[in-house]
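Colleague: Pasting coords.txt below, which is compact mmCIF, C-alpha atoms.
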```
# COMPACT_ATOMS: atom_id res chain seq x y z
CA MET A 1 -54.98 52.22 32.19
CA GLY A 2 -51.66 52.48 30.56
CA SER A 3 -51.84 56.24 30.54
CA ASP A 4 -51.52 56.29 34.32
CA ARG A 5 -48.09 54.80 33.98
CA ASP A 6 -47.15 56.83 30.98
CA ASP A 7 -48.03 60.28 32.21
CA GLY A 8 -44.62 61.01 33.64
CA VAL A 9 -42.93 59.46 30.67
CA SER A 10 -44.43 61.22 27.74
CA ARG A 11 -43.06 64.55 28.82
CA ARG A 12 -39.53 63.38 29.10
CA LYS A 13 -37.04 64.40 26.52
CA VAL A 14 -34.61 61.69 27.46
CA LEU A 15 -36.28 59.28 25.15
CA GLU A 16 -39.36 59.80 23.14
CA CYS A 17 -40.88 56.76 21.71
CA MET A 18 -43.30 56.34 18.92
CA THR A 19 -44.70 53.28 17.37
CA TRP A 20 -44.43 53.30 13.71
CA ALA A 21 -47.49 51.78 12.17
CA GLY A 22 -47.43 48.88 14.60
CA THR A 23 -45.66 47.00 11.96
CA GLY A 24 -42.83 47.64 14.06
CA VAL A 25 -41.19 50.33 15.99
CA LEU A 26 -38.43 52.10 14.20
CA TRP A 27 -35.62 52.93 16.55
CA THR A 28 -32.81 55.35 16.11
CA ILE A 29 -29.90 55.60 18.45
CA SER A 30 -27.70 58.64 18.33
CA GLY A 31 -25.31 59.83 20.98
CA GLY A 32 -26.18 56.79 23.08
CA VAL A 33 -29.81 57.76 23.49
CA PRO A 34 -32.37 55.71 21.59
CA HIS A 35 -35.26 57.49 19.97
CA SER A 36 -38.01 55.73 18.21
CA LEU A 37 -39.22 57.39 15.12
CA GLY A 38 -42.80 57.38 14.04
CA ILE A 39 -42.53 59.32 10.90
CA MET A 40 -40.24 58.43 8.10
CA GLY A 41 -39.58 61.97 7.02
CA GLU A 42 -38.18 62.72 10.44
CA ALA A 43 -36.06 59.64 10.42
CA GLN A 44 -34.67 60.66 7.11
CA ALA A 45 -33.89 64.14 8.39
CA GLN A 46 -32.00 62.76 11.34
CA ALA A 47 -30.13 60.30 9.21
CA GLN A 48 -28.85 63.17 7.13
CA THR A 49 -27.56 65.21 10.05
CA VAL A 50 -26.58 62.76 12.79
CA LYS A 51 -24.59 59.59 12.56
CA SER A 52 -27.11 57.09 13.78
CA LEU A 53 -28.27 53.53 13.83
CA THR A 54 -31.76 52.73 12.80
CA PHE A 55 -33.38 49.37 13.31
CA LEU A 56 -36.84 47.93 13.25
CA GLN A 57 -38.80 45.95 15.84
CA LEU A 58 -41.32 43.39 14.71
CA SER A 59 -43.37 41.43 17.22
CA ASP A 60 -46.10 38.87 17.69
CA SER A 61 -46.68 37.86 14.08
CA HIS A 62 -48.65 34.77 15.23
CA VAL A 63 -48.49 33.34 11.73
CA GLY A 64 -51.22 30.72 11.49
CA PHE A 65 -53.69 32.61 13.66
CA ASP A 66 -57.06 32.58 11.87
CA LYS A 67 -59.64 33.25 14.56
CA PRO A 68 -62.29 36.00 14.43
CA ALA A 69 -59.96 38.66 15.88
CA ASN A 70 -58.01 38.44 12.59
CA PRO A 71 -58.74 35.61 10.16
CA ASN A 72 -55.55 36.33 8.23
CA ALA A 73 -52.58 37.07 10.46
CA LEU A 74 -50.20 36.15 7.64
CA GLY A 75 -51.85 38.78 5.48
CA THR A 76 -51.40 41.56 8.02
CA LEU A 77 -47.77 40.53 8.50
CA GLU A 78 -47.34 40.88 4.77
CA GLU A 79 -48.95 44.33 4.87
CA ALA A 80 -46.47 45.25 7.58
CA ILE A 81 -43.52 44.14 5.49
CA VAL A 82 -44.81 46.08 2.51
CA LYS A 83 -44.75 49.16 4.71
CA VAL A 84 -41.26 48.40 5.92
CA ASN A 85 -40.13 48.19 2.32
CA ALA A 86 -41.69 51.57 1.62
CA MET A 87 -39.68 53.30 4.33
CA PRO A 88 -37.60 56.18 3.03
CA ILE A 89 -34.66 55.01 5.07
CA LYS A 90 -33.78 51.38 5.28
CA PRO A 91 -33.26 50.11 8.83
CA ALA A 92 -29.86 48.52 9.43
CA PHE A 93 -31.59 45.35 10.65
CA ALA A 94 -34.67 44.16 12.51
CA ILE A 95 -35.33 42.46 15.79
CA HIS A 96 -38.36 40.23 16.24
CA THR A 97 -39.58 39.93 19.83
CA GLY A 98 -41.29 36.57 19.52
CA ASP A 99 -44.47 34.68 18.76
CA ILE A 100 -43.35 34.41 15.17
CA SER A 101 -45.77 31.51 14.76
CA HIS A 102 -49.04 30.71 16.46
CA LEU A 103 -48.59 26.97 16.98
CA SER A 104 -44.93 26.30 16.08
CA THR A 105 -45.70 24.23 13.01
CA ALA A 106 -43.10 23.97 10.27
CA GLN A 107 -45.59 25.50 7.85
CA GLN A 108 -46.14 28.54 10.07
CA PHE A 109 -42.41 29.13 10.50
CA ASP A 110 -41.93 28.69 6.75
CA ASP A 111 -44.69 31.17 5.99
CA ALA A 112 -43.29 33.70 8.45
CA ASP A 113 -39.83 33.41 6.93
CA ARG A 114 -41.19 33.74 3.40
CA ILE A 115 -42.93 37.02 4.26
CA ILE A 116 -40.38 38.56 6.63
CA SER A 117 -37.51 37.79 4.27
CA GLN A 118 -39.17 40.08 1.73
CA SER A 119 -37.90 42.95 3.88
CA ARG A 120 -34.38 41.84 2.96
CA LEU A 121 -33.38 42.78 6.49
CA ASP A 122 -31.17 40.82 8.80
CA VAL A 123 -33.58 39.77 11.57
CA HIS A 124 -32.50 38.99 15.12
CA TYR A 125 -35.13 36.84 16.78
CA VAL A 126 -36.06 35.89 20.30
CA PRO A 127 -38.80 33.33 20.87
CA GLY A 128 -42.26 33.77 22.31
CA GLU A 129 -44.13 31.01 24.10
CA HIS A 130 -45.96 30.25 20.86
CA ASP A 131 -42.64 29.33 19.22
CA PHE A 132 -42.02 26.33 21.49
CA LEU A 133 -45.29 24.46 20.98
CA ASP A 134 -44.06 21.67 18.70
CA PRO A 135 -43.97 18.42 20.69
CA ASP A 136 -40.18 18.19 20.65
CA GLN A 137 -39.65 21.94 21.11
CA LYS A 138 -36.94 21.96 18.49
CA PHE A 139 -38.20 23.92 15.49
CA TYR A 140 -37.32 27.33 16.94
CA LYS A 141 -33.81 26.30 17.90
CA ASP A 142 -33.26 24.56 14.57
CA ARG A 143 -34.33 27.61 12.60
CA TYR A 144 -33.25 30.60 14.68
CA GLY A 145 -30.90 29.25 17.31
CA ARG A 146 -27.61 29.16 15.45
CA GLY A 147 -24.88 30.70 17.56
CA THR A 148 -27.14 31.16 20.57
CA LYS A 149 -26.83 29.84 24.10
CA GLY A 150 -29.34 27.82 26.09
CA ALA A 151 -32.86 28.14 24.75
CA GLY A 152 -31.72 30.86 22.32
CA TRP A 153 -30.15 33.85 24.09
CA TYR A 154 -27.27 35.84 22.62
CA SER A 155 -25.77 39.28 22.24
CA PHE A 156 -24.25 41.28 19.42
CA ASP A 157 -22.87 44.74 18.78
CA ALA A 158 -23.95 47.23 16.14
CA SER A 159 -22.65 50.76 15.72
CA GLY A 160 -21.41 50.83 19.28
CA VAL A 161 -24.68 49.59 20.78
CA HIS A 162 -24.72 46.31 22.67
CA PHE A 163 -27.83 44.26 21.88
CA ILE A 164 -28.91 41.40 24.14
CA GLY A 165 -31.65 38.97 23.14
CA LEU A 166 -33.10 37.04 26.07
CA VAL A 167 -35.50 34.08 26.36
CA ASN A 168 -38.13 34.23 29.09
CA VAL A 169 -40.67 31.76 27.72
CA VAL A 170 -39.25 28.33 28.58
CA ASN A 171 -39.33 26.18 31.72
CA LEU A 172 -42.18 28.26 33.08
CA LYS A 173 -43.32 27.42 36.60
CA ALA A 174 -46.89 26.81 37.77
CA GLY A 175 -48.35 30.06 39.01
CA GLY A 176 -45.38 32.04 37.74
CA LEU A 177 -44.67 34.65 35.10
CA GLY A 178 -42.02 34.82 32.42
CA ASP A 179 -38.75 33.29 33.54
CA LEU A 180 -35.11 33.81 32.57
CA GLY A 181 -33.57 31.20 34.84
CA ALA A 182 -30.26 30.96 36.66
CA ASP A 183 -28.18 29.90 33.66
CA GLN A 184 -29.26 32.83 31.51
CA LEU A 185 -28.83 35.33 34.36
CA GLU A 186 -25.33 34.08 34.95
CA TRP A 187 -24.56 34.44 31.25
CA LEU A 188 -26.00 37.95 31.19
CA GLU A 189 -23.92 39.10 34.15
CA ASP A 190 -20.82 37.84 32.41
CA ASP A 191 -21.85 39.23 29.01
CA VAL A 192 -22.01 42.83 30.18
CA LYS A 193 -19.14 42.70 32.67
CA HIS A 194 -16.49 43.86 30.20
CA LEU A 195 -18.53 46.73 28.73
CA SER A 196 -17.92 50.35 29.57
CA ALA A 197 -20.80 52.05 31.38
CA SER A 198 -21.23 54.43 28.47
CA THR A 199 -22.15 51.62 26.09
CA PRO A 200 -25.82 51.90 25.13
CA ILE A 201 -27.63 48.67 25.94
CA VAL A 202 -30.68 47.32 24.15
CA LEU A 203 -32.24 44.36 25.91
CA PHE A 204 -35.01 42.54 24.09
CA ALA A 205 -37.21 39.60 25.04
CA HIS A 206 -40.76 38.46 24.38
CA ILE A 207 -42.57 38.80 27.72
CA PRO A 208 -42.19 42.24 29.30
CA LEU A 209 -39.24 42.52 31.66
CA TRP A 210 -41.27 44.84 33.83
CA SER A 211 -44.39 44.04 35.79
CA ILE A 212 -47.30 45.29 33.71
CA TYR A 213 -50.15 43.08 34.89
CA PRO A 214 -49.15 39.90 36.71
CA ASP A 215 -52.77 38.69 36.95
CA TRP A 216 -52.54 38.13 33.22
CA GLY A 217 -48.97 36.91 33.32
CA TRP A 218 -47.58 40.17 31.96
CA GLY A 219 -44.25 40.26 33.69
CA THR A 220 -41.07 38.25 34.30
CA ASP A 221 -40.33 36.78 37.71
CA ASP A 222 -36.58 37.29 37.70
CA ALA A 223 -36.36 40.44 35.55
CA ALA A 224 -35.16 42.54 38.50
CA GLN A 225 -32.12 40.32 38.79
CA ALA A 226 -31.31 40.82 35.12
CA LEU A 227 -31.72 44.58 35.36
CA SER A 228 -29.50 44.74 38.43
CA TYR A 229 -26.57 43.82 36.16
CA LEU A 230 -27.32 46.88 34.02
CA LYS A 231 -27.58 49.51 36.74
CA ARG A 232 -24.21 51.08 35.98
CA PHE A 233 -25.06 51.72 32.33
CA GLY A 234 -26.15 55.18 31.27
CA SER A 235 -28.58 54.05 28.61
CA VAL A 236 -30.62 50.88 28.80
CA THR A 237 -33.57 50.23 26.52
CA VAL A 238 -35.80 47.21 27.11
CA LEU A 239 -37.95 46.15 24.17
CA ASN A 240 -40.69 43.55 24.55
CA GLY A 241 -43.84 42.23 22.87
CA HIS A 242 -46.38 39.71 24.17
CA ILE A 243 -49.11 42.14 25.21
CA HIS A 244 -50.01 43.32 21.69
CA GLN A 245 -50.18 46.98 22.57
CA VAL A 246 -47.88 49.88 23.21
CA MET A 247 -46.78 50.55 26.76
CA GLN A 248 -43.86 52.55 27.97
CA LYS A 249 -42.17 53.38 31.23
CA VAL A 250 -38.94 55.14 32.13
CA GLU A 251 -37.21 54.24 35.37
CA GLY A 252 -33.91 55.99 35.91
CA ASN A 253 -31.70 55.17 32.95
CA VAL A 254 -33.93 52.35 31.80
CA THR A 255 -36.65 52.76 29.22
CA PHE A 256 -39.18 49.96 28.88
CA HIS A 257 -41.31 49.65 25.80
CA THR A 258 -43.69 47.09 24.34
CA ALA A 259 -44.55 46.90 20.65
CA ARG A 260 -47.79 46.14 18.91
CA SER A 261 -48.55 42.85 17.23
CA THR A 262 -49.02 42.45 13.52
CA ALA A 263 -51.69 39.80 14.17
CA PHE A 264 -54.36 40.86 16.66
CA PRO A 265 -54.90 43.30 19.52
CA GLN A 266 -55.27 42.38 23.17
CA PRO A 267 -57.19 44.33 25.80
CA ALA A 268 -55.63 46.92 28.05
CA PRO A 269 -54.65 45.39 31.39
CA GLY A 270 -57.72 44.19 33.25
CA GLN A 271 -60.05 45.70 30.65
CA GLY A 272 -61.53 42.39 29.53
CA PRO A 273 -62.35 38.90 30.75
CA SER A 274 -58.93 37.63 29.71
CA PRO A 275 -55.80 38.63 27.81
CA GLY A 276 -57.02 36.71 24.76
CA PRO A 277 -57.37 38.06 21.23
CA MET A 278 -59.64 41.10 21.17
CA LYS A 279 -62.23 41.23 18.40
CA VAL A 280 -62.71 44.77 17.16
CA PRO A 281 -64.75 46.07 14.23
CA GLU A 282 -63.07 45.28 10.93
CA GLU A 283 -62.35 48.91 10.19
CA GLN A 284 -60.56 49.26 13.53
CA LEU A 285 -58.33 46.21 13.29
CA ARG A 286 -55.53 47.80 11.35
CA THR A 287 -55.47 50.81 13.61
CA MET A 288 -54.98 48.46 16.55
CA LEU A 289 -52.19 46.72 14.70
CA GLY A 290 -50.96 50.08 13.70
CA ILE A 291 -50.36 49.39 10.10
CA ALA A 292 -51.78 52.69 9.04
CA ASN A 293 -50.15 54.65 6.25
CA VAL A 294 -46.90 56.34 7.04
CA THR A 295 -47.20 60.13 7.17
CA PHE A 296 -44.46 62.46 6.12
CA LYS A 297 -44.24 65.72 8.02
CA GLN A 298 -41.56 67.65 6.29
CA ASN A 299 -42.21 70.90 8.11
CA GLU A 300 -41.77 69.45 11.58
CA GLN A 301 -38.70 67.38 10.88
CA ARG A 302 -36.30 68.68 13.42
CA LEU A 303 -38.39 68.76 16.55
CA ALA A 304 -40.65 65.92 15.68
CA ILE A 305 -37.77 63.49 15.84
CA ILE A 306 -38.05 63.56 19.54
CA ASP A 307 -41.34 65.08 20.43
CA SER A 308 -43.84 63.73 17.94
CA PRO A 309 -46.87 62.08 19.47
CA LEU A 310 -47.78 58.46 18.83
CA LYS A 311 -50.60 59.51 16.54
CA THR A 312 -50.64 62.45 14.24
CA MET B 1 -56.70 -25.42 19.32
CA ALA B 2 -57.55 -28.58 21.32
CA ALA B 3 -61.17 -27.46 21.56
CA GLN B 4 -61.74 -28.05 17.84
CA SER B 5 -61.19 -31.82 18.16
CA GLU B 6 -64.11 -32.21 20.57
CA PRO B 7 -67.25 -31.43 18.43
CA GLU B 8 -67.19 -34.87 16.69
CA THR B 9 -69.03 -36.40 19.67
CA GLY B 10 -72.34 -35.07 18.41
CA ASN B 11 -75.73 -35.04 20.14
CA GLU B 12 -78.31 -32.43 21.10
CA ASP B 13 -75.98 -31.19 23.76
CA THR B 14 -73.24 -30.52 21.27
CA VAL B 15 -73.55 -26.78 21.29
CA THR B 16 -73.36 -26.59 25.03
CA ALA B 17 -70.51 -29.05 25.06
CA ILE B 18 -68.57 -27.04 22.55
CA SER B 19 -69.23 -23.92 24.42
CA ASN B 20 -68.08 -25.38 27.70
CA THR B 21 -65.07 -26.94 26.10
CA VAL B 22 -64.04 -23.76 24.38
CA ARG B 23 -64.48 -21.78 27.54
CA SER B 24 -62.35 -24.27 29.46
CA ALA B 25 -59.73 -24.26 26.78
CA LEU B 26 -59.60 -20.51 26.68
CA LEU B 27 -59.34 -20.27 30.44
CA ALA B 28 -56.60 -22.86 30.42
CA ALA B 29 -54.76 -20.96 27.73
CA ALA B 30 -55.14 -17.79 29.68
CA LEU B 31 -53.86 -19.40 32.85
CA GLY B 32 -50.91 -20.72 30.94
CA ALA B 33 -50.21 -17.44 29.20
CA ALA B 34 -49.77 -14.75 31.78
CA THR B 35 -51.15 -13.48 35.03
CA ALA B 36 -52.00 -10.21 33.36
CA THR B 37 -54.25 -12.01 30.90
CA ILE B 38 -56.16 -13.67 33.70
CA LEU B 39 -56.60 -10.36 35.47
CA ALA B 40 -57.86 -8.81 32.30
CA ALA B 41 -60.26 -11.67 31.67
CA VAL B 42 -61.62 -11.45 35.19
CA VAL B 43 -61.59 -7.72 35.72
CA ILE B 44 -62.93 -6.43 32.45
CA PRO B 45 -66.42 -7.94 32.78
CA THR B 46 -66.64 -6.62 36.35
CA SER B 47 -65.63 -3.05 35.57
CA ALA B 48 -67.79 -3.07 32.47
CA GLN B 49 -70.72 -3.12 34.88
CA ASN B 50 -69.64 0.33 36.16
CA ALA B 51 -68.64 2.40 33.12
CA ALA B 52 -65.17 3.94 33.47
CA PRO B 53 -65.62 7.23 35.33
CA ALA B 54 -64.90 10.43 33.46
CA SER B 55 -64.76 14.07 34.35
CA ALA B 56 -64.26 17.28 32.42
CA VAL B 57 -62.42 20.57 32.83
CA SER B 58 -63.23 23.44 30.51
CA ILE B 59 -60.73 26.15 29.62
CA ASP B 60 -62.46 29.48 29.06
CA ASN B 61 -61.01 32.96 29.26
CA PHE B 62 -57.64 31.70 30.49
CA THR B 63 -59.34 29.89 33.41
CA PHE B 64 -59.74 26.22 34.31
CA THR B 65 -63.33 25.38 35.29
CA PRO B 66 -63.66 23.88 37.78
CA ALA B 67 -60.38 25.11 39.18
CA SER B 68 -60.40 22.22 41.64
CA LEU B 69 -61.82 18.86 40.66
CA THR B 70 -62.24 15.84 42.97
CA VAL B 71 -62.48 12.40 41.35
CA LYS B 72 -62.17 8.71 42.24
CA ALA B 73 -59.00 6.88 41.26
CA GLY B 74 -59.34 5.49 37.74
CA THR B 75 -61.19 8.54 36.49
CA THR B 76 -60.27 9.95 33.11
CA VAL B 77 -60.13 13.74 33.20
CA THR B 78 -60.54 15.57 29.91
CA TRP B 79 -59.54 19.21 29.43
CA THR B 80 -61.11 21.04 26.49
CA ASN B 81 -59.84 24.40 25.27
CA ARG B 82 -62.67 26.83 24.46
CA ASP B 83 -60.40 29.85 23.98
CA ASP B 84 -59.20 31.42 20.74
CA ILE B 85 -55.63 30.92 21.87
CA PRO B 86 -53.77 27.66 22.54
CA HIS B 87 -53.26 26.30 26.02
CA GLY B 88 -51.24 23.37 27.36
CA ILE B 89 -51.70 21.14 30.39
CA GLY B 90 -48.61 20.49 32.48
CA SER B 91 -48.14 18.95 35.90
CA ALA B 92 -46.67 21.38 38.42
CA ASP B 93 -44.27 18.69 39.65
CA ASN B 94 -44.01 16.51 36.54
CA SER B 95 -46.23 13.82 38.04
CA PHE B 96 -47.92 13.25 34.70
CA LYS B 97 -46.99 13.74 31.07
CA ARG B 98 -47.84 17.15 29.67
CA SER B 99 -50.30 17.59 26.83
CA ASN B 100 -49.45 18.80 23.39
CA ALA B 101 -50.53 22.38 22.71
CA LEU B 102 -54.32 22.46 22.54
CA ASP B 103 -55.71 24.71 19.87
CA THR B 104 -59.32 25.87 19.99
CA ASP B 105 -61.66 22.93 20.79
CA ASP B 106 -58.76 20.49 21.18
CA ALA B 107 -58.90 18.18 24.19
CA PHE B 108 -56.43 16.29 26.34
CA SER B 109 -57.29 13.34 28.57
CA PHE B 110 -55.41 11.70 31.39
CA THR B 111 -56.52 8.82 33.65
CA PHE B 112 -55.58 9.32 37.29
CA THR B 113 -55.02 5.90 38.87
CA THR B 114 -53.21 6.88 42.06
CA PRO B 115 -54.87 8.86 44.86
CA GLY B 116 -53.28 12.20 45.61
CA THR B 117 -53.42 15.91 44.89
CA TYR B 118 -52.28 16.87 41.39
CA LYS B 119 -51.51 20.52 40.80
CA TYR B 120 -51.33 21.51 37.17
CA PHE B 121 -50.97 24.67 35.09
CA CYS B 122 -51.01 25.95 31.55
CA TYR B 123 -47.40 25.68 30.45
CA ILE B 124 -48.02 28.45 27.89
CA HIS B 125 -49.69 30.83 30.38
CA PRO B 126 -48.35 29.64 33.73
CA HIS B 127 -50.50 31.99 35.80
CA MET B 128 -53.35 29.61 34.91
CA VAL B 129 -53.43 26.91 37.60
CA GLY B 130 -55.79 24.11 38.66
CA THR B 131 -55.94 21.05 40.88
CA VAL B 132 -57.21 17.49 40.52
CA VAL B 133 -57.77 15.68 43.82
CA VAL B 134 -57.86 11.90 43.32
CA GLU B 135 -59.53 9.83 46.06
CA ALA B 136 -59.33 6.08 46.55
CA ALA B 137 -61.73 4.33 44.18
CA SER B 138 -63.09 1.89 46.81
CA GLY B 139 -63.09 1.52 50.58
CA SER B 140 -64.43 4.96 51.18
CA ASN B 141 -67.43 3.37 52.92
CA THR B 142 -65.11 1.89 55.55
CA GLN B 143 -64.04 5.29 56.81
```
I'd like the structure from this file rewritten - as structure tokens, please.
Modeller:
Amino acid sequence: MGSDRDDGVSRRKVLECMTWAGTGVLWTISGGVPHSLGIMGEAQAQAQTVKSLTFLQLSDSHVGFDKPANPNALGTLEEAIVKVNAMPIKPAFAIHTGDISHLSTAQQFDDADRIISQSRLDVHYVPGEHDFLDPDQKFYKDRYGRGTKGAGWYSFDASGVHFIGLVNVVNLKAGGLGDLGADQLEWLEDDVKHLSASTPIVLFAHIPLWSIYPDWGWGTDDAAQALSYLKRFGSVTVLNGHIHQVMQKVEGNVTFHTARSTAFPQPAPGQGPSPGPMKVPEEQLRTMLGIANVTFKQNEQRLAIIDSPLKT
Amino acid sequence: MAAQSEPETGNEDTVTAISNTVRSALLAAALGAATATILAAVVIPTSAQNAAPASAVSIDNFTFTPASLTVKAGTTVTWTNRDDIPHGIGSADNSFKRSNALDTDDAFSFTFTTPGTYKYFCYIHPHMVGTVVVEAASGSNTQ
């Protein structure tokens, strides 16, 4: 049960995280501490009073997926983008934490781009394992890999925050989990070496960089090595996808969070025969994807920025 | 086509004669062509007696069934994906070419000709592992 892990977290004021409609998580960073905002009215209130950076996280679009768990994954992605466009405050940009496509076909990548581009947001991608399934494993790099290193890792700065996009879905080893590899680790160590310890760090990758459920492959073998390079930083936020559900953990200065999918839900760890797509009643699907209507809560603006629960 | 000049010597044995002549000519041509051709000509009828062995692995719920499969050399193993999510077959030590991604109900086949133990995994979900043990096709009765 995820709640076992989350109990100590939800009461912390250091970082309160809310998924916004599963379409994505809307993140705000102010004063070096990231907050995710579930309710647009609150985000708007903060934007008016605090100089902040707001960005969106999309994950696991699985464009092309058409099985019973959601016969139209492209349609639910489109619903998500419609909601993004209805946000009272426009995020500065988006990150996408992988599995853009389901089978890495050109058509699926084209469809994903056609829909996501309707947000008119700059999107920073990292690949999921479903984005390297074309026989030559080149479509992802051709489309999203400009200016990246290796299989597609990179970093950039925005409003004083250092963002690092990592790839942990290639060259996987038999019996293993997600894998960053020696080359990427070496690059990461060098990438953060020059930064002051007060620089907020946002690390994002597809497979969780914390061990959630290794029996289902929900973890990354060499994540600890990567995180060891970030120990001196006061604020580290790790954003992942892959498991199609919200999970969160705080460990020292590091906050780990996974986002929902826009395509289909997966079971809680160990709560099913496999981590495959979970078929739920039609009326429940969108609640599992989280693309419910956005709720404005004008009267709770100030406090709710930090303390609002995941569901209202 | 030297054989075609022979049929002019006609009698009731003509058909047999032609047949024998053609067979001889073909064998001669084969001998002259390549050793591989001879082997094919000789081996194919023999192995046709024992249909090429085949074996199957099913992929259900992110699991290979059976997880360990023992076959004779020359066996074609076919993996079929029964999940709603793609899987891919990859050798743990690159001893055979990996499959393309297998969507639901897609299959991948590989013929194991050399005895040995072949560990493989799903290269999309690497915690999924399996083994094919290939035994010598003949001579097992001498042991």
Colleague: To one decimal place, how far is atom CA of A:Lys138 from atom CA of B:His127 in Å?
Modeller: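 Between atom CA of A:Lys138 and atom CA of B:His127 the gap is 24.2 Å.
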Colleague: Mind giving me the axis-aligned box for stretch 214-231 of chain A with 6 Å on every side, centre plus edges in Å to one decimal, as lines of an AutoDock Vina configuration file?
Modeller:
```
center_x = -39.7
center_y = 43.1
center_z = 35.4
size_x = 38.2
size_y = 24.7
size_z = 18.8
```
Colleague: Take atom CA of A:His206 and atom CA of A:Gly64 and report the distance between them in Å, one decimal.
Modeller: 18.3 Å
Colleague: I need the residue nearest B:Thr76 from this list: B:Ser91, B:Ser109, B:Ser58, B:Thr63. Use only C-alpha atoms for the distance.
Modeller: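 Closest candidate: B:Ser109.
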Colleague: Taking into account all atoms listed in the file, which residue in the set A:Gln245, A:Thr76, A:Ser61, A:Ser228 is nearest to A:Asp99?
Modeller: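 Of all the options, A:Ser61 lies closest to A:Asp99.
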Colleague: Compile a residue-level contact table for chain B against chain A at a cut-off of 12 Å, reporting for every qualifying residue the shortest atom pair and its distance in Å to one decimal, with all atoms listed in the file counted, rows ordered by chain and ascending number, as CSV.
Modeller:
```
residue,atom,partner,partner_atom,distance
B:Ile59,CA,A:Ser274,CA,11.6
B:Asp60,CA,A:Ser274,CA,8.9
B:Asn61,CA,A:Ser274,CA,5.1
B:Phe62,CA,A:Ser274,CA,6.1
B:Thr63,CA,A:Ser274,CA,8.6
B:Arg82,CA,A:Gly276,CA,11.4
B:Asp83,CA,A:Gly276,CA,7.7
B:Asp84,CA,A:Lys67,CA,6.5
B:Ile85,CA,A:Gly276,CA,6.6
B:Pro86,CA,A:Leu103,CA,7.6
B:His87,CA,A:Leu133,CA,9.6
B:Gly88,CA,A:Leu133,CA,8.8
B:Ile89,CA,A:Ala174,CA,10.5
B:Gly90,CA,A:Ala174,CA,8.4
B:Ser91,CA,A:Ala174,CA,8.2
B:Ala92,CA,A:Ala174,CA,5.5
B:Asp93,CA,A:Ala174,CA,8.7
B:Asn94,CA,A:Ala174,CA,10.8
B:Lys97,CA,A:Pro135,CA,11.8
B:Arg98,CA,A:Pro135,CA,9.9
B:Ser99,CA,A:Pro135,CA,8.9
B:Asn100,CA,A:Pro135,CA,6.1
B:Ala101,CA,A:Leu133,CA,5.9
B:Leu102,CA,A:Leu103,CA,9.2
B:Asp103,CA,A:Leu103,CA,8.0
B:Thr104,CA,A:Lys67,CA,9.2
B:Tyr118,CA,A:Ala174,CA,11.9
B:Lys119,CA,A:Ala174,CA,8.4
B:Tyr120,CA,A:Ala174,CA,6.9
B:Phe121,CA,A:Ala174,CA,5.3
B:Cys122,CA,A:Ala174,CA,7.5
B:Tyr123,CA,A:Leu172,CA,6.4
B:Ile124,CA,A:Glu129,CA,6.0
B:His125,CA,A:Gly217,CA,6.8
B:Pro126,CA,A:Ala174,CA,5.1
B:His127,CA,A:Gly175,CA,4.3
B:Met128,CA,A:Gly175,CA,6.5
B:Val129,CA,A:Gly175,CA,6.1
B:Gly130,CA,A:Ala174,CA,9.3
B:Thr131,CA,A:Ala174,CA,11.2
```
Colleague: Expressed in Å to a single decimal, how great is the separation between atom CA of A:Ile164 and atom CA of A:Thr54?
Modeller: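 One can read the atom CA of A:Ile164 to atom CA of A:Thr54 distance as 16.3 Å.
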Colleague: Leaving out B:Pro115 and any residue of its chain fewer than 6 positions from it, which residues lie within 12 Å of it when counting all atoms listed in the file, given as a ChimeraX atom specification?
Modeller: /B:70-75,132-138
Colleague: Excluding same-chain residues fewer than 2 positions from A:Lys231, what lies within 10 Å of it counting all atoms listed in the file, as a PyMOL selection string?
Modeller: chain A and resi 197+226-229+233-236+252-254
Colleague: So which one's closest to A:Ser101, A:Ala263, A:Val161, A:Leu180, A:Leu285? Using all atoms listed in the file, please.
Modeller: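 Going through A:Ala263, A:Val161, A:Leu180, A:Leu285 one by one, the smallest distance to A:Ser101 is for A:Ala263.
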Colleague: Taking into account all atoms listed in the file, which residue in the set A:Leu58, A:Ile212, A:Met288, A:Ala224 is nearest to A:Pro269?
Modeller: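 Distance minimum relative to A:Pro269 lands on A:Ile212.
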Colleague: Rank A:Asp113, A:Asp157, A:Asp179, A:Asp131 by their smallest atom-to-atom distance to A:Phe93, using all atoms listed in the file, and report the top residue only.
Modeller: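 Closest residue, counting all atoms listed in the file: A:Asp157.
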Colleague: Between B:Thr78, B:Thr117, B:Ser68, B:Ser95, which has the minimum distance to B:Ser55 (counting all atoms listed in the file)?
Modeller: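 Among the listed residues, the smallest separation from B:Ser55 belongs to B:Thr78.
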